[in-house]
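Visitor: Data file model34.cif (mmCIF, C-alpha atoms) is appended below.
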data_input
loop_
_atom_site.label_atom_id
_atom_site.label_comp_id
_atom_site.auth_asym_id
_atom_site.auth_seq_id
_atom_site.Cartn_x
_atom_site.Cartn_y
_atom_site.Cartn_z
CA MET A 18 21.81 -16.51 26.77
CA HIS A 19 18.09 -16.53 27.53
CA GLY A 20 15.28 -15.12 25.40
CA GLN A 21 14.91 -11.84 27.29
CA GLN A 22 18.63 -11.02 26.91
CA PHE A 23 18.47 -11.86 23.22
CA ILE A 24 15.63 -9.43 22.45
CA SER A 25 17.11 -6.72 24.73
CA GLY A 26 20.37 -7.01 22.80
CA LEU A 27 18.56 -6.57 19.49
CA THR A 28 16.55 -3.51 20.58
CA ALA A 29 19.71 -1.93 22.05
CA ASN A 30 21.04 -2.03 18.46
CA GLY A 31 17.80 -0.63 17.01
CA ARG A 32 16.60 -3.97 15.65
CA TYR A 33 13.01 -5.08 16.07
CA SER A 34 12.81 -8.22 13.95
CA PHE A 35 14.62 -11.53 13.59
CA THR A 36 14.16 -15.03 12.19
CA THR A 37 13.79 -18.33 14.05
CA GLU A 38 17.23 -19.38 12.74
CA GLU A 39 18.87 -16.26 14.20
CA ALA A 40 17.24 -16.91 17.55
CA ILE A 41 18.36 -20.58 17.65
CA LYS A 42 21.92 -19.54 16.87
CA ALA A 43 22.01 -16.67 19.38
CA LEU A 44 20.38 -18.65 22.21
CA GLY A 45 22.78 -21.56 21.70
CA ALA A 46 19.92 -23.93 22.47
CA SER A 47 18.31 -26.79 20.58
CA PRO A 48 15.63 -25.75 18.06
CA VAL A 49 12.94 -27.20 20.36
CA ALA A 50 14.20 -25.25 23.41
CA ALA A 51 14.66 -22.03 21.40
CA ARG A 52 11.13 -22.25 19.99
CA ALA A 53 9.76 -22.85 23.49
CA ALA A 54 11.56 -19.71 24.73
CA LEU A 55 10.14 -17.68 21.84
CA ARG A 56 6.68 -19.06 22.49
CA ARG A 57 6.85 -17.91 26.14
CA LEU A 58 7.81 -14.40 25.01
CA ARG A 59 4.90 -14.40 22.55
CA GLN A 60 2.50 -15.42 25.31
CA LYS A 61 3.74 -12.46 27.39
CA GLY A 62 3.05 -10.17 24.41
CA GLU A 63 6.72 -9.21 24.01
CA LEU A 64 7.02 -10.92 20.62
CA ALA A 65 4.68 -11.45 17.68
CA MET A 66 5.08 -13.57 14.54
CA PRO A 67 3.47 -11.82 11.54
CA TYR A 68 4.99 -14.33 9.10
CA LYS A 69 6.13 -17.92 9.58
CA GLY A 70 9.64 -17.92 11.02
CA PHE A 71 9.76 -14.10 11.23
CA TYR A 72 9.37 -12.44 14.64
CA VAL A 73 8.91 -8.82 15.68
CA ILE A 74 9.67 -7.38 19.10
CA VAL A 75 6.64 -5.53 20.49
CA PRO A 76 7.60 -2.55 22.69
CA PRO A 77 5.19 -1.63 25.55
CA GLU A 78 3.56 1.20 23.54
CA PHE A 79 2.30 -1.32 20.95
CA ARG A 80 1.21 -4.15 23.28
CA ASN A 81 -2.41 -3.00 22.92
CA ILE A 82 -2.32 -3.85 19.17
CA GLY A 83 -0.41 -7.10 19.76
CA CYS A 84 2.16 -6.44 17.02
CA LEU A 85 4.44 -3.77 15.61
CA PRO A 86 2.65 -1.43 13.16
CA ALA A 87 2.98 -2.81 9.63
CA SER A 88 4.99 0.18 8.40
CA HIS A 89 7.65 -0.69 11.01
CA PHE A 90 8.23 -4.31 9.94
CA ILE A 91 7.24 -4.63 6.25
CA PRO A 92 10.62 -3.36 4.92
CA ASP A 93 12.49 -5.98 7.01
CA LEU A 94 10.07 -8.76 6.11
CA MET A 95 10.21 -8.07 2.38
CA ASN A 96 13.99 -7.85 2.58
CA ARG A 97 14.09 -11.28 4.30
CA LEU A 98 11.84 -12.71 1.61
CA GLY A 99 14.01 -11.14 -1.11
CA GLU A 100 10.98 -9.48 -2.68
CA LYS A 101 10.45 -5.99 -4.07
CA TYR A 102 7.46 -4.10 -2.68
CA TYR A 103 5.94 -0.69 -2.10
CA ALA A 104 3.22 0.46 0.25
CA GLY A 105 0.44 1.66 -2.03
CA LEU A 106 -3.21 2.62 -2.44
CA LEU A 107 -4.82 3.81 0.82
CA SER A 108 -1.58 3.34 2.81
CA ALA A 109 0.44 5.49 0.39
CA ALA A 110 -2.36 8.07 0.32
CA GLU A 111 -2.24 8.24 4.12
CA PHE A 112 1.51 8.96 4.05
CA ALA A 113 0.82 11.70 1.50
CA GLY A 114 -1.67 13.25 3.92
CA ALA A 115 -4.68 12.25 1.84
CA ALA A 116 -6.31 9.58 3.99
CA HIS A 117 -9.92 10.55 4.36
CA GLN A 118 -10.16 8.04 7.19
CA ARG A 119 -7.46 5.83 8.61
CA PRO A 120 -7.23 2.65 6.48
CA GLN A 121 -8.24 -0.52 8.35
CA VAL A 122 -5.59 -2.55 6.54
CA PHE A 123 -2.03 -1.81 5.44
CA GLN A 124 -1.71 -2.28 1.68
CA VAL A 125 1.47 -3.59 0.06
CA ILE A 126 1.98 -3.97 -3.69
CA THR A 127 4.14 -6.93 -4.74
CA ALA A 128 4.80 -8.78 -7.99
CA LYS A 129 2.85 -11.87 -6.85
CA ASN A 130 -0.12 -12.39 -4.59
CA LYS A 131 0.53 -13.42 -0.98
CA PRO A 132 -1.85 -14.38 1.81
CA GLN A 133 -3.02 -11.59 4.11
CA ILE A 134 -1.09 -11.10 7.35
CA ASN A 135 -3.08 -10.93 10.59
CA CYS A 136 -0.87 -10.06 13.57
CA GLY A 137 -2.75 -8.92 16.67
CA LYS A 138 -4.90 -6.04 15.42
CA VAL A 139 -2.57 -5.39 12.46
CA ARG A 140 -3.72 -6.51 9.02
CA VAL A 141 -1.58 -6.42 5.88
CA GLU A 142 -3.08 -6.99 2.44
CA PHE A 143 -0.85 -7.85 -0.52
CA ILE A 144 -1.98 -6.75 -3.98
CA ALA A 145 -0.21 -8.13 -7.06
CA ARG A 146 0.90 -5.82 -9.85
CA LYS A 147 3.04 -7.42 -12.55
CA ASN A 148 5.20 -4.41 -13.40
CA MET A 149 5.45 -3.06 -9.85
CA GLU A 150 9.25 -2.77 -10.09
CA LYS A 151 8.83 0.05 -12.64
CA ILE A 152 6.44 2.10 -10.50
CA PRO A 153 8.09 5.25 -9.05
CA THR A 154 8.47 5.22 -5.26
CA LEU A 155 9.65 7.42 -2.39
CA ASP A 156 11.41 6.38 0.82
CA VAL A 157 9.68 7.64 3.95
CA LYS A 158 11.24 7.48 7.39
CA THR A 159 9.53 5.40 10.07
CA PRO A 160 10.72 4.89 13.66
CA ARG A 161 12.37 1.62 12.48
CA GLY A 162 13.98 2.71 9.20
CA TYR A 163 12.70 3.50 5.72
CA LEU A 164 9.53 2.36 3.98
CA LYS A 165 8.99 2.44 0.21
CA ILE A 166 5.72 4.06 -0.86
CA SER A 167 4.37 4.90 -4.31
CA THR A 168 4.70 8.55 -5.39
CA PRO A 169 1.46 10.61 -5.31
CA ALA A 170 1.10 10.26 -9.12
CA ALA A 171 1.62 6.48 -9.02
CA THR A 172 -0.80 6.26 -6.08
CA ALA A 173 -3.46 8.08 -8.11
CA PHE A 174 -3.21 5.54 -10.94
CA ASP A 175 -3.31 2.58 -8.53
CA LEU A 176 -6.38 3.94 -6.73
CA VAL A 177 -8.25 4.20 -10.04
CA GLY A 178 -6.95 0.82 -11.22
CA TYR A 179 -7.90 -1.04 -8.02
CA PRO A 180 -11.00 0.77 -6.71
CA HIS A 181 -12.27 -2.43 -5.00
CA HIS A 182 -9.15 -2.23 -2.78
CA ALA A 183 -9.87 1.43 -2.02
CA ALA A 184 -13.45 1.26 -0.71
CA GLY A 185 -15.01 2.11 -4.11
CA LEU A 186 -14.98 5.02 -6.54
CA ASP A 187 -16.64 7.53 -4.19
CA ASN A 188 -13.75 7.05 -1.77
CA VAL A 189 -11.20 7.11 -4.62
CA ALA A 190 -12.61 10.47 -5.77
CA THR A 191 -12.49 11.82 -2.21
CA ILE A 192 -8.84 10.80 -1.83
CA LEU A 193 -7.96 12.23 -5.27
CA SER A 194 -9.45 15.59 -4.21
CA GLU A 195 -7.07 15.57 -1.20
CA LEU A 196 -4.12 14.24 -3.22
CA ALA A 197 -4.59 16.73 -6.09
CA GLU A 198 -2.30 19.44 -4.69
CA LYS A 199 0.58 16.92 -4.66
CA LEU A 200 0.00 15.87 -8.29
CA ASP A 201 1.82 17.21 -11.31
CA GLY A 202 0.07 16.89 -14.69
CA ASP A 203 3.26 16.26 -16.63
CA GLU A 204 4.38 13.56 -14.20
CA LEU A 205 0.98 11.86 -14.53
CA LYS A 206 1.44 11.80 -18.29
CA ARG A 207 5.04 10.58 -17.98
CA ILE A 208 4.10 7.50 -15.93
CA ALA A 209 0.80 6.85 -17.73
CA GLU A 210 2.27 4.17 -19.99
CA LEU A 211 3.00 2.00 -16.92
CA SER A 212 -0.76 1.39 -16.60
CA PRO A 213 -3.57 0.42 -18.99
CA ILE A 214 -4.79 3.48 -20.91
CA ALA A 215 -8.30 2.91 -19.47
CA TRP A 216 -6.89 3.83 -16.05
CA MET A 217 -5.82 7.20 -17.45
CA GLN A 218 -9.27 7.76 -18.96
CA ARG A 219 -10.91 7.10 -15.59
CA LEU A 220 -8.31 9.10 -13.64
CA GLY A 221 -8.67 12.13 -15.91
CA TYR A 222 -12.46 12.05 -15.53
CA LEU A 223 -12.32 11.74 -11.72
CA LEU A 224 -9.74 14.53 -11.35
CA ASP A 225 -11.97 16.81 -13.45
CA LEU A 226 -14.94 15.75 -11.31
CA VAL A 227 -13.21 16.87 -8.08
CA GLY A 228 -12.15 20.21 -9.57
CA ALA A 229 -8.52 19.38 -10.37
CA GLN A 230 -8.76 20.28 -14.08
CA ASP A 231 -5.40 22.07 -13.86
CA LYS A 232 -3.76 18.63 -13.44
CA THR A 233 -5.41 16.96 -16.44
CA GLU A 234 -4.43 19.02 -19.50
CA SER A 235 -1.46 16.78 -20.40
CA LEU A 236 -3.59 13.66 -19.92
CA ALA A 237 -6.39 15.04 -22.09
CA GLU A 238 -3.90 15.86 -24.90
CA TYR A 239 -2.55 12.30 -24.68
CA ILE A 240 -6.08 10.83 -24.92
CA ALA A 241 -6.93 13.10 -27.89
CA GLN A 242 -3.79 11.94 -29.67
CA LYS A 243 -4.14 8.20 -28.89
CA LYS A 244 -7.93 8.01 -29.47
CA PRO A 245 -8.33 4.89 -27.28
CA VAL A 246 -11.50 2.81 -27.36
CA VAL A 247 -14.37 4.17 -25.30
CA VAL A 248 -14.43 2.43 -21.90
CA PRO A 249 -17.00 2.35 -19.09
CA LEU A 250 -16.15 4.12 -15.83
CA VAL A 251 -17.10 0.94 -13.92
CA PRO A 252 -16.44 -2.19 -16.03
CA SER A 253 -18.54 -4.46 -13.79
CA GLN A 254 -21.67 -2.27 -14.07
CA PRO A 255 -24.23 -2.47 -16.90
CA ARG A 256 -23.87 0.09 -19.66
CA ARG A 257 -27.43 1.37 -19.21
CA GLY A 258 -28.43 4.90 -18.23
CA ILE A 259 -25.08 6.30 -19.21
CA SER A 260 -23.67 9.50 -20.57
CA ARG A 261 -20.67 9.62 -22.85
CA GLN A 262 -17.79 11.85 -21.87
CA GLU A 263 -15.90 12.82 -25.02
CA ARG A 264 -12.85 14.43 -23.38
CA TRP A 265 -11.94 11.09 -21.76
CA ARG A 266 -13.69 8.73 -24.22
CA LEU A 267 -15.57 7.36 -21.25
CA LEU A 268 -19.04 5.93 -20.64
CA VAL A 269 -20.14 7.31 -17.28
CA ASN A 270 -22.21 4.41 -15.96
CA GLU A 271 -22.13 5.30 -12.28
CA LYS A 272 -22.66 8.53 -10.37
CA VAL A 273 -19.55 9.25 -8.33
CA GLU A 274 -19.81 11.53 -5.30
CA ALA A 275 -16.69 12.66 -3.50
CA GLU A 276 -16.91 13.95 0.06
CA LEU A 277 -15.32 17.35 -0.49
#
As structure tokens - that is how I would like this structure written.

Guide:
Amino acid sequence: MHGQQFISGLTANGRYSFTTEEAIKALGASPVAARAALRRLRQKGELAMPYKGFYVIVPPEFRNIGCLPASHFIPDLMNRLGEKYYAGLLSAAEFAGAAHQRPQVFQVITAKNKPQINCGKVRVEFIARKNMEKIPTLDVKTPRGYLKISTPAATAFDLVGYPHHAAGLDNVATILSELAEKLDGDELKRIAELSPIAWMQRLGYLLDLVGAQDKTESLAEYIAQKKPVVVPLVPSQPRRGISRQERWRLLVNEKVEAEL
């Protein structure tokens, strides 16, 4: 069998990824000859290798980006690596219809950090979260199968917890204003203990700021009961020129402006 037949056979069965080992076995060639065949197909733009030893087949409609879209191959890749994952932050917000602008990078939450993937014009960023296996997720259908994404409530906490991965707090507030209709106050409270309490304090404040007070009553009751320490809205900023927000036990040390 030659390389072209091998990839045609896979796509005929709805498969768009494979490993080097699978290719060597299917081609019945030596590892050197098989790798040479795969290299020729990569040069033609028919294959891409987003991860060492892991290939994706690039159909004509995606040749301009030089790879499959990340949402099409991440489930297969993470399955091959035997690692749990979910698409989160800006990528999850986009699936929930709350992407203010299309994210430049696809964001995947894993238990441990991994190097960024650059495949053609496709970029995948991995963000480590220790207890990611406990975070509630949804399965969304893609043209190549199912992708795990964080639920809207879990996405809201992650956006507030990792604002530097979400283009800053102004952008986080903008996305929260768009995500608000998909949020449920009781669900936010139910999953709050999966994150540091400071994330809840910041999330409650930002949801109030964008006019989603109807989603924050349960959170505010929780804060009143727990009486956590007062935290700054932006930990890295000085605590000068600040106002104190009693409802959330928060020092507001940065003006946040959402694009509403």

Visitor: Can you turn the PyMOL selection byres ((chain A and resi 124-140) around 7) into a concrete residue list for this file, as a ChimeraX atom specification?

Guide: /A:66-67,82-84,86-87,101-108,122-123,141-149

Visitor: In terms of the shortest atom-to-atom distance over only C-alpha atoms, which of A:Phe35, A:Phe23, A:Phe90, A:Phe71 is closest to A:Pro160?

Guide: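 Closest candidate: A:Phe90.
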
Visitor: What is the atom CA of A:Ala237-atom CA of A:Pro169 distance in Å, reported with one decimal?

Guide: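 The value is 19.0 Å.
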
Visitor: Need the shell around A:Ser25: protein/DNA/RNA residues with any atom at most 12 Å away, counting all atoms listed in the file. Skip same-chain ones fewer than 4 positions apart. Format as a ChimeraX atom specification?

Guide: /A:18-21,29-34,63-64,74-76

Visitor: For the residues in that selection, give me C-alpha atoms as a short mmCIF file (atom, residue, chain, number, x, y, z; two decimals), keeping the file's coordinate frame.

Guide:
data_model
loop_
_atom_site.label_atom_id
_atom_site.label_comp_id
_atom_site.auth_asym_id
_atom_site.auth_seq_id
_atom_site.Cartn_x
_atom_site.Cartn_y
_atom_site.Cartn_z
CA MET A 18 21.81 -16.51 26.77
CA HIS A 19 18.09 -16.53 27.53
CA GLY A 20 15.28 -15.12 25.40
CA GLN A 21 14.91 -11.84 27.29
CA ALA A 29 19.71 -1.93 22.05
CA ASN A 30 21.04 -2.03 18.46
CA GLY A 31 17.80 -0.63 17.01
CA ARG A 32 16.60 -3.97 15.65
CA TYR A 33 13.01 -5.08 16.07
CA SER A 34 12.81 -8.22 13.95
CA GLU A 63 6.72 -9.21 24.01
CA LEU A 64 7.02 -10.92 20.62
CA ILE A 74 9.67 -7.38 19.10
CA VAL A 75 6.64 -5.53 20.49
CA PRO A 76 7.60 -2.55 22.69
#

Visitor: Please indicate the distance in Å from atom CA of A:Phe112 to atom CA of A:Ile214, rounded to one decimal place.

Guide: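 Going from atom CA of A:Phe112 over to atom CA of A:Ile214 covers 26.3 Å.
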
Visitor: Please rebuild stretch 81-115 of chain A with N, CA and C atoms and give the result as a CSV table (one decimal), in the frame of the given file.

Guide:
chain,number,residue,atom,x,y,z
A,81,ASN,N,-0.9,-3.0,23.1
A,81,ASN,CA,-2.4,-3.0,22.9
A,81,ASN,C,-2.8,-3.5,21.5
A,82,ILE,N,-1.9,-3.3,20.5
A,82,ILE,CA,-2.3,-3.8,19.2
A,82,ILE,C,-1.7,-5.2,18.9
A,83,GLY,N,-0.9,-5.7,19.8
A,83,GLY,CA,-0.4,-7.1,19.8
A,83,GLY,C,0.6,-7.3,18.6
A,84,CYS,N,1.2,-6.3,18.1
A,84,CYS,CA,2.2,-6.4,17.0
A,84,CYS,C,2.9,-5.1,16.8
A,85,LEU,N,3.9,-5.1,16.0
A,85,LEU,CA,4.4,-3.8,15.6
A,85,LEU,C,3.5,-3.2,14.5
A,86,PRO,N,3.4,-1.9,14.3
A,86,PRO,CA,2.6,-1.4,13.2
A,86,PRO,C,3.3,-2.0,11.9
A,87,ALA,N,2.5,-2.2,10.9
A,87,ALA,CA,3.0,-2.8,9.6
A,87,ALA,C,4.1,-2.0,9.0
A,88,SER,N,4.0,-0.7,9.0
A,88,SER,CA,5.0,0.2,8.4
A,88,SER,C,6.4,0.0,9.0
A,89,HIS,N,6.4,-0.5,10.3
A,89,HIS,CA,7.6,-0.7,11.0
A,89,HIS,C,8.3,-2.0,10.6
A,90,PHE,N,7.6,-3.0,10.2
A,90,PHE,CA,8.2,-4.3,9.9
A,90,PHE,C,8.2,-4.8,8.5
A,91,ILE,N,7.3,-4.2,7.7
A,91,ILE,CA,7.2,-4.6,6.2
A,91,ILE,C,8.6,-4.5,5.5
A,92,PRO,N,9.3,-3.4,5.7
A,92,PRO,CA,10.6,-3.4,4.9
A,92,PRO,C,11.5,-4.5,5.3
A,93,ASP,N,11.6,-4.9,6.6
A,93,ASP,CA,12.5,-6.0,7.0
A,93,ASP,C,12.0,-7.3,6.5
A,94,LEU,N,10.7,-7.5,6.6
A,94,LEU,CA,10.1,-8.8,6.1
A,94,LEU,C,10.3,-9.0,4.6
A,95,MET,N,10.1,-7.9,3.8
A,95,MET,CA,10.2,-8.1,2.4
A,95,MET,C,11.7,-8.3,2.0
A,96,ASN,N,12.6,-7.7,2.8
A,96,ASN,CA,14.0,-7.8,2.6
A,96,ASN,C,14.4,-9.3,2.9
A,97,ARG,N,13.8,-9.9,4.0
A,97,ARG,CA,14.1,-11.3,4.3
A,97,ARG,C,13.6,-12.2,3.2
A,98,LEU,N,12.4,-11.9,2.6
A,98,LEU,CA,11.8,-12.7,1.6
A,98,LEU,C,12.5,-12.5,0.2
A,99,GLY,N,13.3,-11.4,0.2
A,99,GLY,CA,14.0,-11.1,-1.1
A,99,GLY,C,13.0,-10.7,-2.2
A,100,GLU,N,12.0,-9.9,-1.7
A,100,GLU,CA,11.0,-9.5,-2.7
A,100,GLU,C,10.9,-8.0,-2.7
A,101,LYS,N,10.7,-7.4,-3.9
A,101,LYS,CA,10.4,-6.0,-4.1
A,101,LYS,C,9.0,-5.7,-3.6
A,102,TYR,N,8.8,-4.5,-3.2
A,102,TYR,CA,7.5,-4.1,-2.7
A,102,TYR,C,7.4,-2.6,-2.7
A,103,TYR,N,6.1,-2.1,-2.6
A,103,TYR,CA,5.9,-0.7,-2.1
A,103,TYR,C,4.6,-0.6,-1.4
A,104,ALA,N,4.5,0.2,-0.4
A,104,ALA,CA,3.2,0.5,0.2
A,104,ALA,C,2.4,1.3,-0.7
A,105,GLY,N,1.2,0.9,-1.0
A,105,GLY,CA,0.4,1.7,-2.0
A,105,GLY,C,-1.0,1.9,-1.6
A,106,LEU,N,-1.8,2.4,-2.6
A,106,LEU,CA,-3.2,2.6,-2.4
A,106,LEU,C,-3.5,3.5,-1.2
A,107,LEU,N,-4.4,3.0,-0.3
A,107,LEU,CA,-4.8,3.8,0.8
A,107,LEU,C,-3.7,4.1,1.8
A,108,SER,N,-2.7,3.1,1.9
A,108,SER,CA,-1.6,3.3,2.8
A,108,SER,C,-0.7,4.4,2.3
A,109,ALA,N,-0.4,4.4,1.0
A,109,ALA,CA,0.4,5.5,0.4
A,109,ALA,C,-0.3,6.8,0.5
A,110,ALA,N,-1.6,6.8,0.2
A,110,ALA,CA,-2.4,8.1,0.3
A,110,ALA,C,-2.3,8.7,1.7
A,111,GLU,N,-2.3,7.8,2.7
A,111,GLU,CA,-2.2,8.2,4.1
A,111,GLU,C,-0.9,8.9,4.4
A,112,PHE,N,0.2,8.3,3.9
A,112,PHE,CA,1.5,9.0,4.0
A,112,PHE,C,1.6,10.3,3.3
A,113,ALA,N,0.8,10.4,2.2
A,113,ALA,CA,0.8,11.7,1.5
A,113,ALA,C,-0.1,12.7,2.1
A,114,GLY,N,-0.8,12.3,3.2
A,114,GLY,CA,-1.7,13.2,3.9
A,114,GLY,C,-3.0,13.3,3.3
A,115,ALA,N,-3.4,12.2,2.5
A,115,ALA,CA,-4.7,12.2,1.8
A,115,ALA,C,-5.6,11.1,2.3
